[in-house]
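Have a look at entry_31.cif; it's mmCIF, N, CA and C atoms:
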```cif
data_start
#
loop_
_atom_site.label_atom_id
_atom_site.label_comp_id
_atom_site.auth_asym_id
_atom_site.auth_seq_id
_atom_site.Cartn_x
_atom_site.Cartn_y
_atom_site.Cartn_z
N GLN A 1 57.56 113.41 96.38
CA GLN A 1 57.04 112.06 96.49
C GLN A 1 56.91 111.44 95.10
N VAL A 2 57.21 110.14 95.00
CA VAL A 2 57.11 109.45 93.71
C VAL A 2 56.19 108.24 93.89
N HIS A 3 55.36 108.01 92.88
CA HIS A 3 54.44 106.86 92.91
C HIS A 3 55.11 105.71 92.16
N LEU A 4 55.15 104.53 92.79
CA LEU A 4 55.84 103.38 92.23
C LEU A 4 54.87 102.22 92.11
N VAL A 5 54.90 101.53 90.99
CA VAL A 5 54.03 100.37 90.77
C VAL A 5 54.86 99.21 90.23
N GLU A 6 54.88 98.11 90.99
CA GLU A 6 55.63 96.93 90.57
C GLU A 6 54.74 95.98 89.77
N SER A 7 55.37 95.21 88.91
CA SER A 7 54.66 94.16 88.17
C SER A 7 55.67 93.11 87.74
N GLY A 8 55.16 91.98 87.27
CA GLY A 8 56.04 90.95 86.72
C GLY A 8 56.26 89.75 87.61
N GLY A 9 55.71 89.77 88.81
CA GLY A 9 55.89 88.62 89.68
C GLY A 9 55.07 87.43 89.19
N GLY A 10 55.31 86.29 89.81
CA GLY A 10 54.58 85.10 89.43
C GLY A 10 55.19 83.85 90.02
N LEU A 11 54.75 82.73 89.49
CA LEU A 11 55.24 81.42 89.93
C LEU A 11 56.20 80.88 88.88
N VAL A 12 57.36 80.45 89.32
CA VAL A 12 58.36 79.93 88.40
C VAL A 12 59.08 78.76 89.07
N GLN A 13 59.56 77.84 88.26
CA GLN A 13 60.32 76.72 88.82
C GLN A 13 61.75 77.14 89.13
N ALA A 14 62.35 76.45 90.06
CA ALA A 14 63.75 76.71 90.39
C ALA A 14 64.60 76.61 89.14
N GLY A 15 65.52 77.55 89.01
CA GLY A 15 66.36 77.62 87.82
C GLY A 15 65.80 78.53 86.75
N GLY A 16 64.54 78.94 86.91
CA GLY A 16 63.91 79.79 85.92
C GLY A 16 64.24 81.26 86.10
N SER A 17 63.57 82.09 85.29
CA SER A 17 63.83 83.52 85.29
C SER A 17 62.53 84.31 85.34
N LEU A 18 62.62 85.51 85.87
CA LEU A 18 61.52 86.47 85.86
C LEU A 18 62.11 87.86 85.72
N ARG A 19 61.33 88.77 85.13
CA ARG A 19 61.74 90.16 85.11
C ARG A 19 60.66 90.99 85.78
N LEU A 20 61.06 91.66 86.84
CA LEU A 20 60.16 92.57 87.54
C LEU A 20 60.33 93.98 86.99
N SER A 21 59.22 94.71 86.96
CA SER A 21 59.25 96.10 86.52
C SER A 21 58.74 97.00 87.64
N CYS A 22 59.31 98.18 87.72
CA CYS A 22 58.87 99.19 88.68
C CYS A 22 58.65 100.47 87.89
N ALA A 23 57.39 100.81 87.70
CA ALA A 23 57.06 102.02 86.96
C ALA A 23 56.98 103.20 87.92
N ALA A 24 57.77 104.22 87.63
CA ALA A 24 57.83 105.39 88.50
C ALA A 24 57.04 106.54 87.86
N SER A 25 56.48 107.39 88.70
CA SER A 25 55.66 108.51 88.21
C SER A 25 56.52 109.64 87.64
N ARG A 26 57.83 109.55 87.89
CA ARG A 26 58.73 110.50 87.25
C ARG A 26 60.10 109.85 87.09
N SER A 27 60.93 110.46 86.28
CA SER A 27 62.23 109.89 85.99
C SER A 27 63.08 109.76 87.25
N ILE A 28 63.87 108.67 87.26
CA ILE A 28 64.76 108.50 88.41
C ILE A 28 65.88 109.51 88.41
N ASP A 29 65.99 110.28 87.33
CA ASP A 29 66.96 111.37 87.32
C ASP A 29 66.66 112.38 88.42
N SER A 30 65.41 112.39 88.88
CA SER A 30 65.03 113.30 89.96
C SER A 30 65.13 112.64 91.32
N LEU A 31 65.56 111.38 91.32
CA LEU A 31 65.65 110.62 92.57
C LEU A 31 67.12 110.33 92.88
N VAL A 32 67.39 110.09 94.12
CA VAL A 32 68.76 109.74 94.52
C VAL A 32 69.08 108.33 94.06
N ALA A 33 68.11 107.46 94.23
CA ALA A 33 68.31 106.05 93.90
C ALA A 33 66.97 105.34 93.92
N VAL A 34 66.96 104.17 93.36
CA VAL A 34 65.81 103.27 93.48
C VAL A 34 66.34 101.91 93.87
N ASN A 35 65.72 101.33 94.85
CA ASN A 35 66.15 100.00 95.31
C ASN A 35 65.02 99.00 95.15
N TRP A 36 65.40 97.75 94.98
CA TRP A 36 64.47 96.64 95.10
C TRP A 36 64.72 95.98 96.46
N PHE A 37 63.63 95.72 97.17
CA PHE A 37 63.67 95.01 98.44
C PHE A 37 62.81 93.75 98.30
N ARG A 38 62.97 92.84 99.24
CA ARG A 38 62.05 91.71 99.31
C ARG A 38 61.74 91.39 100.75
N GLN A 39 60.54 90.87 100.93
CA GLN A 39 60.07 90.52 102.27
C GLN A 39 59.53 89.11 102.23
N VAL A 40 60.13 88.25 103.03
CA VAL A 40 59.71 86.86 103.11
C VAL A 40 58.48 86.76 103.98
N SER A 41 57.56 85.89 103.61
CA SER A 41 56.33 85.72 104.36
C SER A 41 56.63 85.40 105.82
N GLY A 42 55.94 86.09 106.70
CA GLY A 42 56.11 85.85 108.12
C GLY A 42 57.20 86.70 108.76
N LYS A 43 57.95 87.41 107.95
CA LYS A 43 59.00 88.28 108.47
C LYS A 43 58.61 89.75 108.25
N GLN A 44 58.93 90.59 109.21
CA GLN A 44 58.61 92.01 109.10
C GLN A 44 59.66 92.76 108.30
N GLN A 45 60.89 92.25 108.33
CA GLN A 45 61.99 92.98 107.71
C GLN A 45 61.95 92.86 106.19
N ARG A 46 62.23 93.97 105.56
CA ARG A 46 62.41 93.98 104.11
C ARG A 46 63.90 94.12 103.84
N ASP A 47 64.45 93.19 103.10
CA ASP A 47 65.88 93.18 102.81
C ASP A 47 66.15 93.77 101.43
N VAL A 48 67.17 94.60 101.36
CA VAL A 48 67.52 95.18 100.07
C VAL A 48 68.13 94.10 99.19
N VAL A 49 67.71 94.09 97.95
CA VAL A 49 68.16 93.09 96.98
C VAL A 49 69.13 93.73 95.98
N ALA A 50 68.76 94.90 95.50
CA ALA A 50 69.58 95.59 94.50
C ALA A 50 69.22 97.06 94.50
N GLY A 51 70.14 97.89 94.02
CA GLY A 51 69.88 99.31 93.95
C GLY A 51 70.57 99.93 92.76
N ILE A 52 70.00 101.02 92.28
CA ILE A 52 70.61 101.77 91.18
C ILE A 52 70.54 103.25 91.55
N THR A 53 71.65 103.94 91.37
CA THR A 53 71.72 105.34 91.76
C THR A 53 71.48 106.27 90.58
N LEU A 54 71.39 107.55 90.89
CA LEU A 54 71.21 108.57 89.87
C LEU A 54 72.30 108.47 88.81
N GLY A 55 73.52 108.18 89.24
CA GLY A 55 74.64 108.08 88.31
C GLY A 55 74.73 106.76 87.57
N GLY A 56 73.83 105.85 87.89
CA GLY A 56 73.82 104.56 87.19
C GLY A 56 74.59 103.46 87.88
N SER A 57 75.15 103.76 89.03
CA SER A 57 75.86 102.72 89.78
C SER A 57 74.87 101.71 90.33
N THR A 58 75.28 100.46 90.36
CA THR A 58 74.40 99.41 90.85
C THR A 58 75.05 98.66 92.01
N THR A 59 74.23 98.18 92.90
CA THR A 59 74.69 97.37 94.02
C THR A 59 73.75 96.18 94.18
N TYR A 60 74.30 95.11 94.73
CA TYR A 60 73.53 93.88 94.90
C TYR A 60 73.81 93.24 96.24
N ALA A 61 72.79 92.61 96.80
CA ALA A 61 73.01 91.77 97.97
C ALA A 61 73.85 90.56 97.54
N SER A 62 74.66 90.08 98.44
CA SER A 62 75.55 88.97 98.10
C SER A 62 74.77 87.74 97.65
N SER A 63 73.56 87.58 98.19
CA SER A 63 72.76 86.39 97.89
C SER A 63 72.24 86.37 96.45
N VAL A 64 72.25 87.52 95.78
CA VAL A 64 71.70 87.58 94.42
C VAL A 64 72.75 88.00 93.38
N LYS A 65 73.92 88.36 93.85
CA LYS A 65 74.95 88.85 92.93
C LYS A 65 75.28 87.76 91.91
N GLY A 66 75.32 88.16 90.65
CA GLY A 66 75.59 87.22 89.58
C GLY A 66 74.33 86.58 89.01
N ARG A 67 73.22 86.73 89.72
CA ARG A 67 71.95 86.15 89.25
C ARG A 67 70.93 87.22 88.89
N PHE A 68 70.94 88.33 89.62
CA PHE A 68 69.97 89.40 89.41
C PHE A 68 70.68 90.61 88.80
N THR A 69 69.94 91.34 87.97
CA THR A 69 70.46 92.56 87.36
C THR A 69 69.41 93.66 87.45
N ILE A 70 69.83 94.81 87.96
CA ILE A 70 68.94 95.96 88.03
C ILE A 70 69.32 96.92 86.90
N SER A 71 68.30 97.50 86.28
CA SER A 71 68.55 98.42 85.18
C SER A 71 67.37 99.38 85.06
N ALA A 72 67.56 100.40 84.24
CA ALA A 72 66.48 101.36 83.98
C ALA A 72 66.32 101.53 82.48
N ASP A 73 65.09 101.85 82.06
CA ASP A 73 64.88 102.08 80.63
C ASP A 73 65.45 103.44 80.23
N ASN A 74 65.43 103.73 78.92
CA ASN A 74 66.05 104.96 78.44
C ASN A 74 65.41 106.20 79.04
N ALA A 75 64.11 106.14 79.24
CA ALA A 75 63.42 107.28 79.82
C ALA A 75 63.63 107.37 81.33
N LYS A 76 64.21 106.32 81.87
CA LYS A 76 64.50 106.25 83.30
C LYS A 76 63.24 106.41 84.14
N THR A 77 62.13 105.88 83.63
CA THR A 77 60.91 105.88 84.43
C THR A 77 60.48 104.47 84.81
N THR A 78 61.18 103.47 84.29
CA THR A 78 60.92 102.10 84.67
C THR A 78 62.23 101.45 85.10
N ILE A 79 62.20 100.84 86.25
CA ILE A 79 63.38 100.16 86.78
C ILE A 79 63.07 98.67 86.77
N TYR A 80 63.98 97.92 86.20
CA TYR A 80 63.78 96.49 86.06
C TYR A 80 64.67 95.72 87.04
N LEU A 81 64.17 94.55 87.41
CA LEU A 81 65.01 93.60 88.14
C LEU A 81 64.91 92.28 87.38
N ASN A 82 65.96 91.98 86.66
CA ASN A 82 66.01 90.74 85.89
C ASN A 82 66.58 89.66 86.80
N MET A 83 65.79 88.62 87.03
CA MET A 83 66.18 87.58 87.98
C MET A 83 66.36 86.26 87.23
N THR A 84 67.52 85.68 87.33
CA THR A 84 67.81 84.41 86.69
C THR A 84 68.26 83.39 87.74
N MET A 85 68.31 82.14 87.33
CA MET A 85 68.74 81.05 88.21
C MET A 85 68.01 81.14 89.56
N LEU A 86 66.73 81.31 89.51
CA LEU A 86 65.95 81.52 90.72
C LEU A 86 65.98 80.28 91.61
N LYS A 87 65.95 80.55 92.90
CA LYS A 87 65.98 79.50 93.92
C LYS A 87 64.73 79.61 94.78
N PRO A 88 64.33 78.52 95.42
CA PRO A 88 63.16 78.61 96.31
C PRO A 88 63.32 79.68 97.38
N GLU A 89 64.54 79.91 97.82
CA GLU A 89 64.74 80.93 98.85
C GLU A 89 64.59 82.35 98.33
N ASP A 90 64.41 82.51 97.03
CA ASP A 90 64.11 83.84 96.48
C ASP A 90 62.62 84.17 96.60
N THR A 91 61.83 83.21 97.04
CA THR A 91 60.39 83.44 97.20
C THR A 91 60.14 84.54 98.21
N ALA A 92 59.40 85.56 97.80
CA ALA A 92 59.14 86.72 98.65
C ALA A 92 58.23 87.69 97.90
N VAL A 93 57.78 88.69 98.62
CA VAL A 93 57.14 89.84 97.97
C VAL A 93 58.25 90.84 97.67
N TYR A 94 58.32 91.27 96.43
CA TYR A 94 59.36 92.19 96.00
C TYR A 94 58.78 93.60 95.88
N TYR A 95 59.49 94.56 96.45
CA TYR A 95 59.08 95.95 96.45
C TYR A 95 60.16 96.81 95.81
N CYS A 96 59.77 97.83 95.09
CA CYS A 96 60.72 98.87 94.74
C CYS A 96 60.43 100.08 95.62
N ALA A 97 61.48 100.83 95.88
CA ALA A 97 61.35 101.97 96.79
C ALA A 97 62.39 103.02 96.43
N ALA A 98 62.05 104.27 96.72
CA ALA A 98 62.96 105.38 96.48
C ALA A 98 63.02 106.25 97.74
N PRO A 99 64.21 106.70 98.11
CA PRO A 99 64.32 107.55 99.30
C PRO A 99 63.74 108.93 99.02
N ARG A 100 62.94 109.40 99.96
CA ARG A 100 62.31 110.70 99.80
C ARG A 100 63.10 111.80 100.49
N GLY A 101 63.97 111.37 101.41
CA GLY A 101 64.71 112.33 102.20
C GLY A 101 64.24 112.29 103.64
N GLY A 102 65.13 112.65 104.53
CA GLY A 102 64.79 112.64 105.94
C GLY A 102 64.52 111.26 106.49
N GLY A 103 65.04 110.25 105.80
CA GLY A 103 64.86 108.87 106.26
C GLY A 103 63.60 108.21 105.76
N ALA A 104 62.75 108.95 105.07
CA ALA A 104 61.49 108.38 104.56
C ALA A 104 61.70 107.80 103.18
N TRP A 105 60.91 106.78 102.85
CA TRP A 105 60.97 106.13 101.55
C TRP A 105 59.57 106.08 100.95
N ASP A 106 59.50 106.14 99.66
CA ASP A 106 58.26 105.89 98.92
C ASP A 106 58.31 104.45 98.44
N TRP A 107 57.25 103.70 98.66
CA TRP A 107 57.21 102.27 98.34
C TRP A 107 56.10 101.97 97.34
N GLY A 108 56.34 100.95 96.52
CA GLY A 108 55.27 100.40 95.72
C GLY A 108 54.45 99.42 96.55
N GLN A 109 53.48 98.78 95.88
CA GLN A 109 52.58 97.88 96.60
C GLN A 109 53.14 96.46 96.69
N GLY A 110 54.18 96.17 95.91
CA GLY A 110 54.81 94.85 95.96
C GLY A 110 54.26 93.90 94.91
N THR A 111 55.08 92.93 94.56
CA THR A 111 54.67 91.87 93.63
C THR A 111 55.23 90.55 94.14
N GLN A 112 54.40 89.52 94.15
CA GLN A 112 54.78 88.23 94.72
C GLN A 112 55.60 87.42 93.72
N VAL A 113 56.70 86.90 94.20
CA VAL A 113 57.51 85.95 93.43
C VAL A 113 57.55 84.64 94.20
N THR A 114 57.16 83.57 93.55
CA THR A 114 57.18 82.25 94.17
C THR A 114 58.00 81.31 93.30
N VAL A 115 59.01 80.70 93.89
CA VAL A 115 59.89 79.78 93.17
C VAL A 115 59.68 78.39 93.74
N SER A 116 59.22 77.49 92.90
CA SER A 116 58.95 76.13 93.35
C SER A 116 60.19 75.26 93.12
N SER A 117 60.34 74.29 93.99
CA SER A 117 61.52 73.41 93.89
C SER A 117 61.24 72.20 93.00
#
```
Could I get this structure in the form of structure tokens?
Amino acid sequence: QVHLVESGGGLVQAGGSLRLSCAASRSIDSLVAVNWFRQVSGKQQRDVVAGITLGGSTTYASSVKGRFTISADNAKTTIYLNMTMLKPEDTAVYYCAAPRGGGAWDWGQGTQVTVSS
């Protein structure tokens, strides 16, 4: 099990940028991958936004490709989501999560991102 803590959310105008951080209790070298998800208010579903694997491969949802970048620090204990050209539809609670195995995931508590038009 890994403990994850997100930070960096806030209120930003459309077109602005934010960088989210996900601090992990151990290096992602011990994890299969870490993903960023987001959940829009009033919806139960959490949609994957971006992911980074043990080997450093990255994936992005089509809605954020070219605007968001996922990365890890040198110690690989903090995973970042750099968000640029933000749109009002990016407003959501953002979560980082890591697969634990057997279909289970470890989740952070989430950080709110609000983009005003």
To test your reading of the structure, identify every residue in chain A that backbone DSSP assigns to helix (DSSP H, G or I), and report it as a PDB file with N, CA and C atoms, keeping the file's coordinate frame.
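The result, written out as result.pdb:
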```pdb
ATOM      1  N   ILE A  28      63.870 108.670  87.260  1.00  0.00           N
ATOM      2  CA  ILE A  28      64.760 108.500  88.410  1.00  0.00           C
ATOM      3  C   ILE A  28      65.880 109.510  88.410  1.00  0.00           C
ATOM      4  N   ASP A  29      65.990 110.280  87.330  1.00  0.00           N
ATOM      5  CA  ASP A  29      66.960 111.370  87.320  1.00  0.00           C
ATOM      6  C   ASP A  29      66.660 112.380  88.420  1.00  0.00           C
ATOM      7  N   SER A  30      65.410 112.390  88.880  1.00  0.00           N
ATOM      8  CA  SER A  30      65.030 113.300  89.960  1.00  0.00           C
ATOM      9  C   SER A  30      65.130 112.640  91.320  1.00  0.00           C
ATOM     10  N   PRO A  88      64.330  78.520  95.420  1.00  0.00           N
ATOM     11  CA  PRO A  88      63.160  78.610  96.310  1.00  0.00           C
ATOM     12  C   PRO A  88      63.320  79.680  97.380  1.00  0.00           C
ATOM     13  N   GLU A  89      64.540  79.910  97.820  1.00  0.00           N
ATOM     14  CA  GLU A  89      64.740  80.930  98.850  1.00  0.00           C
ATOM     15  C   GLU A  89      64.590  82.350  98.330  1.00  0.00           C
ATOM     16  N   ASP A  90      64.410  82.510  97.030  1.00  0.00           N
ATOM     17  CA  ASP A  90      64.110  83.840  96.480  1.00  0.00           C
ATOM     18  C   ASP A  90      62.620  84.170  96.600  1.00  0.00           C
TER      19      ASP A  90
END
```
### Task
Please provide the set of residues having any atom within 6.5 Å of segment 42-56 of chain A, restricted to all atoms listed in the file, with same-chain residues fewer than 4 positions apart removed, written as number ranges by chain.
A: 28-29, 31-38, 60-61, 70
### Task
Assign secondary structure with DSSP using the backbone only, and return the residues of chain A in strand (DSSP E) as a count of residues only.
63
### Message
I'd like the residues picked by the PyMOL selection byres ((chain A and resi 79-93) around 8) written out as a ChimeraX atom specification, using the chain letters and numbers from the file.
### Response
/A:12-24,34,36-41,66-73,76-78,94-96,109-117
Go ahead and save the picked residues with N, CA and C atoms, as a tab-separated table (two decimals), in the coordinates of the input.
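Final file, part_27.tsv:
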```tsv
chain	number	residue	atom	x	y	z
A	12	VAL	N	57.36	80.45	89.32
A	12	VAL	CA	58.36	79.93	88.40
A	12	VAL	C	59.08	78.76	89.07
A	13	GLN	N	59.56	77.84	88.26
A	13	GLN	CA	60.32	76.72	88.82
A	13	GLN	C	61.75	77.14	89.13
A	14	ALA	N	62.35	76.45	90.06
A	14	ALA	CA	63.75	76.71	90.39
A	14	ALA	C	64.60	76.61	89.14
A	15	GLY	N	65.52	77.55	89.01
A	15	GLY	CA	66.36	77.62	87.82
A	15	GLY	C	65.80	78.53	86.75
A	16	GLY	N	64.54	78.94	86.91
A	16	GLY	CA	63.91	79.79	85.92
A	16	GLY	C	64.24	81.26	86.10
A	17	SER	N	63.57	82.09	85.29
A	17	SER	CA	63.83	83.52	85.29
A	17	SER	C	62.53	84.31	85.34
A	18	LEU	N	62.62	85.51	85.87
A	18	LEU	CA	61.52	86.47	85.86
A	18	LEU	C	62.11	87.86	85.72
A	19	ARG	N	61.33	88.77	85.13
A	19	ARG	CA	61.74	90.16	85.11
A	19	ARG	C	60.66	90.99	85.78
A	20	LEU	N	61.06	91.66	86.84
A	20	LEU	CA	60.16	92.57	87.54
A	20	LEU	C	60.33	93.98	86.99
A	21	SER	N	59.22	94.71	86.96
A	21	SER	CA	59.25	96.10	86.52
A	21	SER	C	58.74	97.00	87.64
A	22	CYS	N	59.31	98.18	87.72
A	22	CYS	CA	58.87	99.19	88.68
A	22	CYS	C	58.65	100.47	87.89
A	23	ALA	N	57.39	100.81	87.70
A	23	ALA	CA	57.06	102.02	86.96
A	23	ALA	C	56.98	103.20	87.92
A	24	ALA	N	57.77	104.22	87.63
A	24	ALA	CA	57.83	105.39	88.50
A	24	ALA	C	57.04	106.54	87.86
A	34	VAL	N	66.96	104.17	93.36
A	34	VAL	CA	65.81	103.27	93.48
A	34	VAL	C	66.34	101.91	93.87
A	36	TRP	N	65.40	97.75	94.98
A	36	TRP	CA	64.47	96.64	95.10
A	36	TRP	C	64.72	95.98	96.46
A	37	PHE	N	63.63	95.72	97.17
A	37	PHE	CA	63.67	95.01	98.44
A	37	PHE	C	62.81	93.75	98.30
A	38	ARG	N	62.97	92.84	99.24
A	38	ARG	CA	62.05	91.71	99.31
A	38	ARG	C	61.74	91.39	100.75
A	39	GLN	N	60.54	90.87	100.93
A	39	GLN	CA	60.07	90.52	102.27
A	39	GLN	C	59.53	89.11	102.23
A	40	VAL	N	60.13	88.25	103.03
A	40	VAL	CA	59.71	86.86	103.11
A	40	VAL	C	58.48	86.76	103.98
A	41	SER	N	57.56	85.89	103.61
A	41	SER	CA	56.33	85.72	104.36
A	41	SER	C	56.63	85.40	105.82
A	66	GLY	N	75.32	88.16	90.65
A	66	GLY	CA	75.59	87.22	89.58
A	66	GLY	C	74.33	86.58	89.01
A	67	ARG	N	73.22	86.73	89.72
A	67	ARG	CA	71.95	86.15	89.25
A	67	ARG	C	70.93	87.22	88.89
A	68	PHE	N	70.94	88.33	89.62
A	68	PHE	CA	69.97	89.40	89.41
A	68	PHE	C	70.68	90.61	88.80
A	69	THR	N	69.94	91.34	87.97
A	69	THR	CA	70.46	92.56	87.36
A	69	THR	C	69.41	93.66	87.45
A	70	ILE	N	69.83	94.81	87.96
A	70	ILE	CA	68.94	95.96	88.03
A	70	ILE	C	69.32	96.92	86.90
A	71	SER	N	68.30	97.50	86.28
A	71	SER	CA	68.55	98.42	85.18
A	71	SER	C	67.37	99.38	85.06
A	72	ALA	N	67.56	100.40	84.24
A	72	ALA	CA	66.48	101.36	83.98
A	72	ALA	C	66.32	101.53	82.48
A	73	ASP	N	65.09	101.85	82.06
A	73	ASP	CA	64.88	102.08	80.63
A	73	ASP	C	65.45	103.44	80.23
A	76	LYS	N	64.21	106.32	81.87
A	76	LYS	CA	64.50	106.25	83.30
A	76	LYS	C	63.24	106.41	84.14
A	77	THR	N	62.13	105.88	83.63
A	77	THR	CA	60.91	105.88	84.43
A	77	THR	C	60.48	104.47	84.81
A	78	THR	N	61.18	103.47	84.29
A	78	THR	CA	60.92	102.10	84.67
A	78	THR	C	62.23	101.45	85.10
A	94	TYR	N	58.32	91.27	96.43
A	94	TYR	CA	59.36	92.19	96.00
A	94	TYR	C	58.78	93.60	95.88
A	95	TYR	N	59.49	94.56	96.45
A	95	TYR	CA	59.08	95.95	96.45
A	95	TYR	C	60.16	96.81	95.81
A	96	CYS	N	59.77	97.83	95.09
A	96	CYS	CA	60.72	98.87	94.74
A	96	CYS	C	60.43	100.08	95.62
A	109	GLN	N	53.48	98.78	95.88
A	109	GLN	CA	52.58	97.88	96.60
A	109	GLN	C	53.14	96.46	96.69
A	110	GLY	N	54.18	96.17	95.91
A	110	GLY	CA	54.81	94.85	95.96
A	110	GLY	C	54.26	93.90	94.91
A	111	THR	N	55.08	92.93	94.56
A	111	THR	CA	54.67	91.87	93.63
A	111	THR	C	55.23	90.55	94.14
A	112	GLN	N	54.40	89.52	94.15
A	112	GLN	CA	54.78	88.23	94.72
A	112	GLN	C	55.60	87.42	93.72
A	113	VAL	N	56.70	86.90	94.20
A	113	VAL	CA	57.51	85.95	93.43
A	113	VAL	C	57.55	84.64	94.20
A	114	THR	N	57.16	83.57	93.55
A	114	THR	CA	57.18	82.25	94.17
A	114	THR	C	58.00	81.31	93.30
A	115	VAL	N	59.01	80.70	93.89
A	115	VAL	CA	59.89	79.78	93.17
A	115	VAL	C	59.68	78.39	93.74
A	116	SER	N	59.22	77.49	92.90
A	116	SER	CA	58.95	76.13	93.35
A	116	SER	C	60.19	75.26	93.12
A	117	SER	N	60.34	74.29	93.99
A	117	SER	CA	61.52	73.41	93.89
A	117	SER	C	61.24	72.20	93.00
```
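The space separating atom N of Ala75 of chain A from atom N of Ser57 of chain A comes to 14.9 Å.
Note that atom CA of Val2 of chain A and atom CA of Val64 of chain A are 26.3 Å apart.
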### Task
Taking the file as shown, find all residues satisfying the PyMOL selection byres ((chain A and resi 107) around 6) and write them as a PyMOL selection string.
chain A and resi 4+96-98+105-106+108-109
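Here atom C of Gln1 of chain A and atom CA of Arg100 of chain A stand 7.2 Å from one another.
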Using all atoms of segment 82-100 of chain A listed in the file and a margin of 8 Å per side, can you give the axis-aligned box centre and edge lengths in Å to one decimal, as lines of an AutoDock Vina configuration file?
```
center_x = 62.9
center_y = 95.2
center_z = 93.2
size_x = 27.6
size_y = 49.3
size_z = 30.6
```
